[in-house]
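Asker: Supplied structure: protein-v6.cif, mmCIF, C-alpha atoms.
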data_coords
#
loop_
_atom_site.label_atom_id
_atom_site.label_comp_id
_atom_site.auth_asym_id
_atom_site.auth_seq_id
_atom_site.Cartn_x
_atom_site.Cartn_y
_atom_site.Cartn_z
CA MET A 1 0.00 0.00 0.00
CA GLY A 2 1.09 3.59 -0.62
CA ALA A 3 3.79 2.66 -3.15
CA ILE A 4 5.23 5.91 -4.53
CA ALA A 5 7.51 5.98 -7.56
CA VAL A 6 10.74 7.75 -6.66
CA PRO A 7 13.73 8.45 -8.91
CA GLY A 8 15.86 5.37 -9.40
CA VAL A 9 13.26 2.99 -8.05
CA ALA A 10 11.16 0.87 -10.39
CA PRO A 11 7.47 1.93 -10.44
CA GLY A 12 5.24 -0.16 -8.23
CA ARG A 13 7.99 -1.02 -5.78
CA PRO A 14 7.18 0.34 -2.31
CA VAL A 15 9.52 2.98 -0.92
CA ARG A 16 9.66 1.20 2.43
CA ALA A 17 11.07 -2.07 1.11
CA PRO A 18 14.83 -1.78 1.35
CA LYS A 19 16.97 -4.72 0.37
CA GLN A 20 17.13 -6.00 3.93
CA ASP A 21 13.34 -6.27 4.29
CA ARG A 22 13.00 -8.06 0.96
CA SER A 23 15.73 -10.46 1.99
CA ARG A 24 13.92 -11.19 5.24
CA ALA A 25 10.64 -11.74 3.41
CA THR A 26 12.34 -14.19 1.03
CA ARG A 27 13.87 -16.03 3.94
CA GLN A 28 10.50 -16.34 5.67
CA ARG A 29 8.84 -17.60 2.48
CA LEU A 30 11.55 -20.25 2.17
CA LEU A 31 11.11 -21.33 5.79
CA GLU A 32 7.32 -21.65 5.52
CA ALA A 33 7.65 -23.50 2.19
CA ALA A 34 10.23 -25.88 3.69
CA VAL A 35 7.85 -26.87 6.50
CA ALA A 36 4.98 -27.34 4.03
CA CYS A 37 7.15 -29.55 1.78
CA LEU A 38 8.47 -31.62 4.67
CA ALA A 39 4.94 -32.19 6.01
CA GLU A 40 3.65 -33.14 2.58
CA TYR A 41 6.48 -35.05 0.88
CA GLY A 42 8.60 -36.23 3.82
CA TRP A 43 12.37 -35.88 4.10
CA ALA A 44 13.19 -37.96 1.00
CA GLY A 45 10.95 -35.79 -1.20
CA SER A 46 12.03 -32.44 0.25
CA THR A 47 14.96 -30.91 -1.59
CA VAL A 48 16.11 -27.30 -1.71
CA THR A 49 14.92 -27.13 -5.34
CA VAL A 50 11.39 -28.25 -4.44
CA VAL A 51 11.23 -25.70 -1.61
CA ALA A 52 12.59 -22.86 -3.78
CA GLU A 53 9.95 -23.59 -6.42
CA ARG A 54 7.16 -23.63 -3.87
CA ALA A 55 8.39 -20.35 -2.37
CA GLY A 56 8.68 -18.76 -5.84
CA VAL A 57 12.40 -18.11 -5.30
CA SER A 58 15.33 -19.08 -7.52
CA ARG A 59 17.49 -22.00 -6.42
CA GLY A 60 20.46 -19.61 -6.23
CA ALA A 61 18.60 -17.26 -3.90
CA ALA A 62 17.60 -20.22 -1.71
CA GLN A 63 21.23 -21.29 -1.48
CA HIS A 64 22.27 -17.74 -0.65
CA HIS A 65 20.04 -17.94 2.43
CA PHE A 66 20.73 -21.57 3.39
CA ARG A 67 24.04 -23.15 2.49
CA THR A 68 22.86 -26.75 2.92
CA ARG A 69 19.63 -28.74 2.86
CA GLU A 70 20.13 -29.47 6.59
CA ASP A 71 20.47 -25.72 7.33
CA LEU A 72 17.21 -24.97 5.53
CA PHE A 73 15.07 -27.66 7.14
CA THR A 74 16.31 -27.36 10.72
CA ALA A 75 15.93 -23.55 10.55
CA ALA A 76 12.45 -24.02 9.07
CA VAL A 77 11.13 -26.31 11.80
CA GLU A 78 12.54 -24.00 14.49
CA TYR A 79 11.19 -20.80 12.92
CA VAL A 80 7.72 -22.15 12.19
CA THR A 81 7.39 -23.78 15.63
CA GLU A 82 8.18 -20.39 17.21
CA ALA A 83 5.72 -18.64 14.92
CA ARG A 84 2.91 -21.12 15.68
CA SER A 85 3.63 -20.91 19.43
CA ARG A 86 3.32 -17.11 19.26
CA GLU A 87 0.02 -17.41 17.38
CA LEU A 88 -1.21 -19.95 19.93
CA ARG A 89 -0.53 -17.51 22.78
CA GLU A 90 -2.34 -14.72 20.94
CA VAL A 91 -5.38 -16.91 20.25
CA LEU A 92 -5.46 -17.96 23.90
CA GLU A 93 -5.32 -14.38 25.15
CA ARG A 94 -8.12 -13.44 22.73
CA GLU A 95 -10.38 -16.41 23.50
CA TYR A 96 -9.91 -16.68 27.24
CA VAL A 97 -12.88 -15.49 29.25
CA PRO A 98 -11.62 -14.37 32.69
CA GLY A 99 -13.07 -16.40 35.51
CA THR A 100 -13.58 -19.54 33.37
CA CYS A 101 -11.43 -22.66 33.42
CA ARG A 102 -8.23 -22.03 31.55
CA THR A 103 -6.95 -25.63 31.57
CA ARG A 104 -9.31 -26.93 28.86
CA LEU A 105 -8.36 -24.08 26.53
CA VAL A 106 -4.61 -24.51 27.13
CA VAL A 107 -4.68 -28.31 26.74
CA GLY A 108 -6.64 -27.92 23.50
CA ALA A 109 -4.18 -25.34 22.18
CA LEU A 110 -1.13 -27.47 23.06
CA VAL A 111 -2.66 -30.49 21.36
CA ASP A 112 -3.49 -28.35 18.30
CA LEU A 113 0.19 -27.33 18.11
CA HIS A 114 1.13 -31.03 18.01
CA THR A 115 -1.43 -32.10 15.44
CA GLY A 116 -0.79 -29.41 12.84
CA GLN A 117 1.54 -29.06 9.87
CA VAL A 118 4.66 -28.08 11.82
CA PHE A 119 4.49 -31.16 14.05
CA ARG A 120 4.10 -33.35 10.98
CA ALA A 121 7.16 -31.68 9.42
CA ALA A 122 9.15 -32.09 12.66
CA LEU A 123 8.16 -35.76 12.82
CA HIS A 124 9.60 -36.37 9.35
CA LEU A 125 12.80 -34.58 10.36
CA TRP A 126 13.19 -36.48 13.69
CA VAL A 127 12.66 -39.85 11.98
CA ALA A 128 15.07 -39.02 9.14
CA ALA A 129 17.66 -37.95 11.73
CA ALA A 130 17.33 -41.30 13.51
CA SER A 131 19.00 -43.05 10.59
CA GLU A 132 21.04 -40.24 8.99
CA ALA A 133 24.33 -39.50 10.74
CA THR A 134 24.77 -36.02 9.18
CA LEU A 135 21.36 -34.89 10.38
CA ARG A 136 21.25 -36.49 13.80
CA PRO A 137 23.32 -34.17 16.04
CA ARG A 138 21.66 -31.01 14.70
CA VAL A 139 18.16 -32.40 14.95
CA THR A 140 18.81 -33.79 18.44
CA ALA A 141 19.89 -30.32 19.58
CA LEU A 142 16.89 -28.74 17.86
CA GLU A 143 14.47 -31.22 19.46
CA ALA A 144 15.92 -30.40 22.89
CA ARG A 145 15.56 -26.62 22.30
CA ILE A 146 11.98 -26.93 21.04
CA GLY A 147 11.12 -29.35 23.87
CA ARG A 148 12.38 -26.86 26.50
CA GLU A 149 10.55 -23.93 24.88
CA VAL A 150 7.24 -25.76 24.57
CA HIS A 151 7.51 -27.01 28.16
CA ARG A 152 8.20 -23.49 29.42
CA MET A 153 5.24 -22.16 27.45
CA ALA A 154 2.93 -24.93 28.77
CA VAL A 155 3.89 -24.14 32.39
CA GLU A 156 3.30 -20.44 31.83
CA LEU A 157 -0.03 -20.85 30.01
CA LEU A 158 -1.36 -23.35 32.56
CA GLY A 159 -0.30 -20.91 35.29
CA VAL A 160 1.22 -23.66 37.42
CA ASP A 161 4.13 -23.64 39.86
CA GLU A 162 6.82 -26.14 38.93
CA SER A 163 8.38 -26.00 42.38
CA ARG A 164 5.38 -28.00 43.67
CA PRO A 165 6.12 -31.75 43.65
CA GLY A 166 4.73 -33.56 40.64
CA VAL A 167 3.83 -30.47 38.60
CA ARG A 168 6.83 -30.88 36.30
CA GLU A 169 5.97 -34.53 35.58
CA THR A 170 2.29 -33.65 35.08
CA VAL A 171 3.19 -31.13 32.39
CA GLN A 172 5.74 -33.48 30.78
CA GLY A 173 3.18 -36.31 30.62
CA LEU A 174 0.65 -33.93 29.06
CA LEU A 175 3.15 -32.94 26.37
CA ASP A 176 4.04 -36.59 25.74
CA MET A 177 0.33 -37.25 25.28
CA ALA A 178 0.10 -34.32 22.85
CA ARG A 179 3.00 -35.79 20.84
CA GLY A 180 1.28 -39.20 20.82
CA LEU A 181 -1.93 -37.57 19.60
CA GLY A 182 0.10 -35.90 16.85
CA LEU A 183 1.50 -39.26 15.80
CA ALA A 184 -2.00 -40.81 15.79
CA ASN A 185 -3.07 -38.05 13.39
CA LEU A 186 -0.35 -38.79 10.83
CA LEU A 187 -2.12 -41.34 8.62
CA THR A 188 -5.77 -40.74 9.43
CA ASP A 189 -7.94 -37.83 10.52
CA ASP A 190 -8.09 -38.61 14.22
CA ARG A 191 -10.07 -35.49 15.20
CA VAL A 192 -13.21 -37.15 16.64
CA ARG A 193 -11.35 -39.54 18.93
CA ARG A 194 -8.84 -36.82 19.86
CA GLU A 195 -11.50 -34.35 20.96
CA ARG A 196 -12.96 -36.88 23.39
CA VAL A 197 -9.50 -37.67 24.78
CA VAL A 198 -8.67 -33.96 25.16
CA GLU A 199 -12.01 -33.19 26.83
CA HIS A 200 -11.57 -36.04 29.30
CA TRP A 201 -7.91 -35.43 30.09
CA ALA A 202 -8.35 -31.68 30.46
CA GLY A 203 -10.73 -32.55 33.31
CA VAL A 204 -8.24 -34.98 34.85
CA LEU A 205 -5.45 -32.38 34.56
CA GLY A 206 -7.60 -29.66 36.07
CA GLU A 207 -8.10 -31.85 39.14
CA VAL A 208 -4.47 -33.00 39.34
CA LEU A 209 -3.06 -29.49 38.98
CA GLY A 210 -5.68 -27.99 41.25
CA SER A 211 -4.99 -30.47 44.03
CA GLY A 212 -1.26 -30.15 44.43
CA GLY A 213 0.39 -31.63 41.37
CA MET B 1 19.19 -81.58 20.75
CA GLY B 2 18.62 -85.25 20.09
CA ALA B 3 19.46 -85.05 16.40
CA ILE B 4 19.50 -88.59 15.06
CA ALA B 5 20.83 -89.46 11.61
CA VAL B 6 18.19 -91.39 9.69
CA PRO B 7 18.43 -92.79 6.18
CA GLY B 8 18.01 -90.07 3.57
CA VAL B 9 18.44 -87.24 6.06
CA ALA B 10 21.74 -85.36 6.28
CA PRO B 11 23.60 -86.02 9.53
CA GLY B 12 23.12 -83.32 12.14
CA ARG B 13 19.66 -82.40 10.94
CA PRO B 14 17.04 -83.12 13.62
CA VAL B 15 14.42 -85.76 12.81
CA ARG B 16 11.66 -83.46 14.02
CA ALA B 17 12.28 -80.70 11.48
CA PRO B 18 10.03 -81.36 8.52
CA LYS B 19 10.00 -78.90 5.65
CA GLN B 20 7.04 -76.99 7.08
CA ASP B 21 8.77 -76.29 10.41
CA ARG B 22 11.96 -75.13 8.69
CA SER B 23 9.91 -72.86 6.47
CA ARG B 24 8.20 -71.34 9.48
CA ALA B 25 11.53 -70.82 11.25
CA THR B 26 12.92 -69.06 8.14
CA ARG B 27 9.84 -66.86 7.98
CA GLN B 28 10.20 -65.89 11.65
CA ARG B 29 13.90 -65.11 11.20
CA LEU B 30 13.02 -62.84 8.28
CA LEU B 31 10.31 -61.05 10.27
CA GLU B 32 12.57 -60.41 13.27
CA ALA B 33 15.39 -59.25 10.97
CA ALA B 34 13.02 -56.91 9.11
CA VAL B 35 12.02 -55.18 12.35
CA ALA B 36 15.66 -54.88 13.44
CA CYS B 37 16.64 -53.35 10.05
CA LEU B 38 13.73 -50.93 10.01
CA ALA B 39 14.52 -49.77 13.55
CA GLU B 40 18.20 -49.33 12.74
CA TYR B 41 18.33 -48.08 9.13
CA GLY B 42 14.86 -46.61 8.62
CA TRP B 43 12.61 -47.28 5.64
CA ALA B 44 14.99 -45.93 2.99
CA GLY B 45 17.80 -48.22 4.18
CA SER B 46 15.67 -51.33 4.62
CA THR B 47 15.51 -53.48 1.51
CA VAL B 48 14.62 -57.16 1.15
CA THR B 49 18.30 -57.87 0.37
CA VAL B 50 19.51 -56.24 3.59
CA VAL B 51 16.94 -58.19 5.62
CA ALA B 52 17.75 -61.51 3.91
CA GLU B 53 21.46 -61.02 4.68
CA ARG B 54 20.76 -60.22 8.32
CA ALA B 55 18.52 -63.28 8.61
CA GLY B 56 21.12 -65.49 6.90
CA VAL B 57 18.64 -66.40 4.18
CA SER B 58 19.06 -66.19 0.40
CA ARG B 59 17.29 -63.36 -1.41
CA GLY B 60 15.32 -65.96 -3.37
CA ALA B 61 14.09 -67.63 -0.19
CA ALA B 62 13.07 -64.23 1.21
CA GLN B 63 11.09 -63.51 -1.92
CA HIS B 64 9.47 -66.93 -1.73
CA HIS B 65 8.06 -65.92 1.67
CA PHE B 66 7.27 -62.27 0.89
CA ARG B 67 6.45 -61.24 -2.63
CA THR B 68 7.10 -57.53 -2.09
CA ARG B 69 9.06 -55.26 0.24
CA GLU B 70 5.73 -53.91 1.55
CA ASP B 71 4.53 -57.45 2.34
CA LEU B 72 7.67 -58.18 4.32
CA PHE B 73 7.74 -55.04 6.43
CA THR B 74 4.04 -54.79 7.26
CA ALA B 75 3.98 -58.50 8.20
CA ALA B 76 7.11 -57.97 10.30
CA VAL B 77 5.75 -55.07 12.35
CA GLU B 78 2.50 -56.96 12.97
CA TYR B 79 4.19 -60.24 13.89
CA VAL B 80 6.79 -58.70 16.22
CA THR B 81 4.23 -56.45 17.93
CA GLU B 82 2.13 -59.54 18.68
CA ALA B 83 5.18 -61.42 19.93
CA ARG B 84 6.26 -58.56 22.22
CA SER B 85 2.70 -58.15 23.53
CA ARG B 86 2.60 -61.84 24.42
CA GLU B 87 5.97 -61.56 26.19
CA LEU B 88 4.73 -58.48 28.05
CA ARG B 89 1.70 -60.39 29.36
CA GLU B 90 3.92 -63.27 30.48
CA VAL B 91 6.33 -60.96 32.30
CA LEU B 92 3.41 -59.25 34.01
CA GLU B 93 1.91 -62.53 35.18
CA ARG B 94 5.31 -63.60 36.48
CA GLU B 95 6.17 -60.33 38.23
CA TYR B 96 2.82 -59.43 39.67
CA VAL B 97 2.56 -59.90 43.42
CA PRO B 98 -1.12 -60.50 44.33
CA GLY B 99 -2.52 -57.82 46.56
CA THR B 100 -0.11 -55.10 45.35
CA CYS B 101 -0.94 -52.24 42.98
CA ARG B 102 -1.13 -53.55 39.45
CA THR B 103 -1.45 -50.17 37.71
CA ARG B 104 2.20 -49.15 38.09
CA LEU B 105 3.37 -52.46 36.63
CA VAL B 106 0.94 -52.31 33.70
CA VAL B 107 1.71 -48.67 32.87
CA GLY B 108 5.44 -49.45 32.94
CA ALA B 109 4.97 -52.48 30.68
CA LEU B 110 2.84 -50.56 28.16
CA VAL B 111 5.41 -47.76 28.04
CA ASP B 112 8.19 -50.34 27.58
CA LEU B 113 6.31 -51.75 24.58
CA HIS B 114 6.28 -48.26 23.04
CA THR B 115 9.92 -47.43 23.69
CA GLY B 116 11.48 -50.61 22.35
CA GLN B 117 12.73 -51.74 18.96
CA VAL B 118 9.35 -52.66 17.49
CA PHE B 119 7.87 -49.21 18.19
CA ARG B 120 10.90 -47.61 16.54
CA ALA B 121 10.42 -49.86 13.50
CA ALA B 122 6.69 -49.05 13.38
CA LEU B 123 7.46 -45.33 13.61
CA HIS B 124 9.70 -45.53 10.54
CA LEU B 125 6.97 -47.43 8.68
CA TRP B 126 4.14 -44.99 9.68
CA VAL B 127 6.22 -41.96 8.64
CA ALA B 128 7.26 -43.55 5.32
CA ALA B 129 3.60 -44.39 4.64
CA ALA B 130 2.61 -40.75 5.19
CA SER B 131 4.39 -39.76 1.98
CA GLU B 132 4.35 -43.02 -0.04
CA ALA B 133 1.08 -43.78 -1.79
CA THR B 134 1.80 -47.50 -2.28
CA LEU B 135 2.47 -48.02 1.41
CA ARG B 136 -0.19 -45.81 2.92
CA PRO B 137 -3.42 -47.88 2.75
CA ARG B 138 -1.74 -51.03 4.06
CA VAL B 139 0.04 -49.27 6.89
CA THR B 140 -3.10 -47.32 7.83
CA ALA B 141 -5.01 -50.61 8.15
CA LEU B 142 -2.12 -52.16 10.09
CA GLU B 143 -1.94 -49.19 12.48
CA ALA B 144 -5.69 -49.50 13.14
CA ARG B 145 -5.39 -53.26 13.85
CA ILE B 146 -2.41 -52.81 16.18
CA GLY B 147 -4.10 -49.84 17.89
CA ARG B 148 -7.24 -51.91 18.62
CA GLU B 149 -5.23 -54.90 19.88
CA VAL B 150 -3.02 -52.82 22.18
CA HIS B 151 -6.06 -50.95 23.53
CA ARG B 152 -7.86 -54.24 24.24
CA MET B 153 -4.78 -55.58 25.98
CA ALA B 154 -4.37 -52.41 28.08
CA VAL B 155 -8.01 -52.59 29.25
CA GLU B 156 -7.62 -56.26 30.15
CA LEU B 157 -4.28 -55.85 31.96
CA LEU B 158 -5.47 -52.79 33.90
CA GLY B 159 -8.58 -54.78 34.83
CA VAL B 160 -10.90 -51.85 34.13
CA ASP B 161 -14.49 -51.72 32.91
CA GLU B 162 -14.88 -49.73 29.70
CA SER B 163 -18.62 -49.40 30.13
CA ARG B 164 -17.93 -46.90 32.94
CA PRO B 165 -17.92 -43.31 31.61
CA GLY B 166 -14.45 -41.96 30.94
CA VAL B 167 -12.56 -45.26 31.24
CA ARG B 168 -12.17 -45.61 27.49
CA GLU B 169 -10.72 -42.09 27.16
CA THR B 170 -8.46 -42.63 30.17
CA VAL B 171 -6.92 -45.70 28.53
CA GLN B 172 -6.68 -43.98 25.14
CA GLY B 173 -4.89 -40.98 26.68
CA LEU B 174 -2.48 -43.32 28.48
CA LEU B 175 -1.63 -45.06 25.20
CA ASP B 176 -1.19 -41.69 23.46
CA MET B 177 1.22 -40.74 26.25
CA ALA B 178 3.09 -44.03 25.74
CA ARG B 179 3.41 -43.27 22.01
CA GLY B 180 4.68 -39.77 22.80
CA LEU B 181 7.25 -41.25 25.20
CA GLY B 182 8.30 -43.60 22.41
CA LEU B 183 8.81 -40.68 20.09
CA ALA B 184 10.82 -38.79 22.73
CA ASN B 185 13.13 -41.81 22.95
CA LEU B 186 13.92 -41.84 19.23
CA LEU B 187 16.99 -39.58 19.12
CA THR B 188 18.15 -39.65 22.73
CA ASP B 189 18.09 -42.07 25.64
CA ASP B 190 15.12 -40.59 27.50
CA ARG B 191 15.01 -43.24 30.23
CA VAL B 192 15.62 -41.04 33.29
CA ARG B 193 12.97 -38.46 32.43
CA ARG B 194 10.58 -41.21 31.29
CA GLU B 195 10.79 -43.14 34.54
CA ARG B 196 9.79 -40.06 36.53
CA VAL B 197 6.85 -39.39 34.17
CA VAL B 198 5.71 -43.04 34.36
CA GLU B 199 5.99 -43.12 38.15
CA HIS B 200 3.97 -39.93 38.52
CA TRP B 201 1.29 -40.74 35.94
CA ALA B 202 0.84 -44.32 37.17
CA GLY B 203 -0.19 -42.72 40.48
CA VAL B 204 -2.58 -40.32 38.75
CA LEU B 205 -4.07 -43.18 36.71
CA GLY B 206 -4.48 -45.35 39.77
CA GLU B 207 -6.56 -42.61 41.35
CA VAL B 208 -8.53 -41.80 38.20
CA LEU B 209 -9.33 -45.44 37.43
CA GLY B 210 -10.02 -46.25 41.07
CA SER B 211 -12.48 -43.39 41.46
CA GLY B 212 -14.82 -43.98 38.56
CA GLY B 213 -12.96 -43.24 35.36
#
Turn the structure described in the file into structure tokens.

Answerer:
Amino acid sequence: MGAIAVPGVAPGRPVRAPKQDRSRATRQRLLEAAVACLAEYGWAGSTVTVVAERAGVSRGAAQHHFRTREDLFTAAVEYVTEARSRELREVLEREYVPGTCRTRLVVGALVDLHTGQVFRAALHLWVAAASEATLRPRVTALEARIGREVHRMAVELLGVDESRPGVRETVQGLLDMARGLGLANLLTDDRVRRERVVEHWAGVLGEVLGSGG
Amino acid sequence: MGAIAVPGVAPGRPVRAPKQDRSRATRQRLLEAAVACLAEYGWAGSTVTVVAERAGVSRGAAQHHFRTREDLFTAAVEYVTEARSRELREVLEREYVPGTCRTRLVVGALVDLHTGQVFRAALHLWVAAASEATLRPRVTALEARIGREVHRMAVELLGVDESRPGVRETVQGLLDMARGLGLANLLTDDRVRRERVVEHWAGVLGEVLGSGG
């Protein structure tokens, strides 16, 4: 919006789009495309070329941003997980009605994070890393970072105190369950079963967390 | 043991090993080797040739038993899951001390089933099926069969009544958690964290199942 032609700048190009911003936008398009490819085609079918095409970027530009295939896909899963986590927080803040039970909403949001596209992409990357030596150390480190971040976010959103005995294990078990629900959603649409499990377990968690861990 | 040379039979070959028994033994060796390969090398690295070598069987003999790669690996995951489930029941019956809490033992055993070699093999197969059209329908059907069997076994071992409201969802959530713990064990040895989660959640489950769902 508000693109003004100025001397030396091609018509139609916004004034406020210096090289750095365009570069960042290209990078973000590549990262989002990489996650979409990984979720859809798996690791074997996800090459830098396929991602560049999907992002509408030349292969050379893609390689300028990410030197190797491993760089691109690990950066992509990290970036998109962070983006989705931020969105999840925003949705929660918008939808939460003060005075109502927050646990159901938070459990639902955490499970949504683990049953969407970025979890599916991460799953392909984790499993590829299990049998590819070049990928394994980087993905192991990435999994640990994401695991810590998601745990921290879960504790904060649930509003629980981890210094109370059992609270840490309660949250960990909940996140393990969310990962298992994500796995169960890989080959079939597991929504109906999942909603009943989430509804039931949100109740169990509410009681466990409300009664000292 | 007790191999007796009889006319027309090579010395050292047991009398009680007719062709049918040898064929079954070969088949079982192939199935166990297929699961070991899948767990170790992933889907891309697991060919019929690799499995036949590991099993000490000729490629021709392997193909006599399993016409396609898909036949071999889906049969393998199903067979070994059944075998491990049977072993799990036997261990439970042996280790259970009447009058003590059974829930902790059952939860531990179910989590063990999901963090061992056969779960790792299944994980590789599920993820490969997500992006391979030829594999997908068979693996989806296999996942459903195994899911039903493991659920039935969990209900039986926990000794719970699924007609009570919430019991079904409690067991489902527990098995989702077990699958998530299996996934968390893929790239790193997650044993220490897992044992704390299992200990804590076995307690929660004992209370939930003991108090009406």

Asker: How would you write, as a ChimeraX atom specification, the residues chosen by the PyMOL selection byres ((chain B) within 9 of (chain A)) on this structure?

Answerer: /B:39-42,44-45,123-124,126-132,136-137,139-140,143,166,168-170,172-184,186-188,193-194,196-201,204,208

Asker: When you draw a straight line from atom CA of B:Phe66 to atom CA of B:Arg29, how long is it in Å?

Answerer: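 Interatomic distance here is 12.6 Å.
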
Asker: Name the residues captured by the PyMOL selection byres ((chain B and resi 95-106) around 7) when it is applied to the shown file; answer as a ChimeraX atom specification.

Answerer: /B:91-94,107-110,157-158,202,206

Asker: Atom CA of B:Arg86 and atom CA of B:Ala33 are how many Å apart?

Answerer: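 Distance between the two atoms: 18.7 Å.
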
Asker: Please work out which residues fall within 10 Å of (4.9, -22.5, -4.6), coordinates as given in the file, with only C-alpha atoms counting, and return them as a VMD selection string.

Answerer: chain A and resid 29 to 30 33 36 to 37 50 to 57

Asker: Which residues are near B:Thr74? Cut-off 9 Å, only C-alpha atoms, ignore same chain within fewer than 2 positions. Put them as a VMD selection string.

Answerer: chain B and resid 69 to 72 76 to 79 122 125 138 to 139 142

Asker: So how far away is atom CA of A:Asn185 from atom CA of B:Gly203, in Å?

Answerer: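 Between atom CA of B:Gly203 and atom CA of A:Asn185 the gap is 27.6 Å.
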
Asker: Given the block above, output stretch 84-98 of chain A with N, CA and C atoms as an mmCIF file, in the first residue's frame.

Answerer:
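Just written: part04.cif:
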data_model
loop_
_atom_site.group_PDB
_atom_site.id
_atom_site.type_symbol
_atom_site.label_atom_id
_atom_site.label_comp_id
_atom_site.auth_asym_id
_atom_site.auth_seq_id
_atom_site.Cartn_x
_atom_site.Cartn_y
_atom_site.Cartn_z
ATOM 1 N N ARG A 84 4.189 -20.508 15.279
ATOM 2 C CA ARG A 84 2.913 -21.118 15.685
ATOM 3 C C ARG A 84 2.689 -20.975 17.191
ATOM 4 N N SER A 85 3.760 -21.063 17.974
ATOM 5 C CA SER A 85 3.633 -20.909 19.427
ATOM 6 C C SER A 85 3.175 -19.488 19.766
ATOM 7 N N ARG A 86 3.731 -18.506 19.050
ATOM 8 C CA ARG A 86 3.322 -17.112 19.263
ATOM 9 C C ARG A 86 1.843 -16.937 18.923
ATOM 10 N N GLU A 87 1.428 -17.502 17.799
ATOM 11 C CA GLU A 87 0.021 -17.407 17.384
ATOM 12 C C GLU A 87 -0.896 -18.058 18.416
ATOM 13 N N LEU A 88 -0.450 -19.206 18.924
ATOM 14 C CA LEU A 88 -1.213 -19.954 19.925
ATOM 15 C C LEU A 88 -1.443 -19.089 21.180
ATOM 16 N N ARG A 89 -0.389 -18.413 21.632
ATOM 17 C CA ARG A 89 -0.527 -17.507 22.785
ATOM 18 C C ARG A 89 -1.527 -16.406 22.504
ATOM 19 N N GLU A 90 -1.440 -15.823 21.300
ATOM 20 C CA GLU A 90 -2.336 -14.719 20.940
ATOM 21 C C GLU A 90 -3.786 -15.189 20.911
ATOM 22 N N VAL A 91 -4.024 -16.370 20.308
ATOM 23 C CA VAL A 91 -5.383 -16.914 20.245
ATOM 24 C C VAL A 91 -5.919 -17.138 21.658
ATOM 25 N N LEU A 92 -5.055 -17.693 22.517
ATOM 26 C CA LEU A 92 -5.456 -17.960 23.901
ATOM 27 C C LEU A 92 -5.852 -16.673 24.615
ATOM 28 N N GLU A 93 -5.020 -15.645 24.463
ATOM 29 C CA GLU A 93 -5.317 -14.384 25.149
ATOM 30 C C GLU A 93 -6.643 -13.802 24.638
ATOM 31 N N ARG A 94 -6.901 -13.977 23.335
ATOM 32 C CA ARG A 94 -8.117 -13.440 22.728
ATOM 33 C C ARG A 94 -9.344 -14.220 23.185
ATOM 34 N N GLU A 95 -9.207 -15.567 23.251
ATOM 35 C CA GLU A 95 -10.381 -16.408 23.504
ATOM 36 C C GLU A 95 -10.699 -16.635 24.981
ATOM 37 N N TYR A 96 -9.703 -16.352 25.823
ATOM 38 C CA TYR A 96 -9.911 -16.682 27.239
ATOM 39 C C TYR A 96 -10.910 -15.716 27.888
ATOM 40 N N VAL A 97 -11.904 -16.288 28.523
ATOM 41 C CA VAL A 97 -12.883 -15.489 29.252
ATOM 42 C C VAL A 97 -12.493 -15.530 30.731
ATOM 43 N N PRO A 98 -12.075 -14.375 31.291
ATOM 44 C CA PRO A 98 -11.621 -14.367 32.690
ATOM 45 C C PRO A 98 -12.669 -14.985 33.620
#
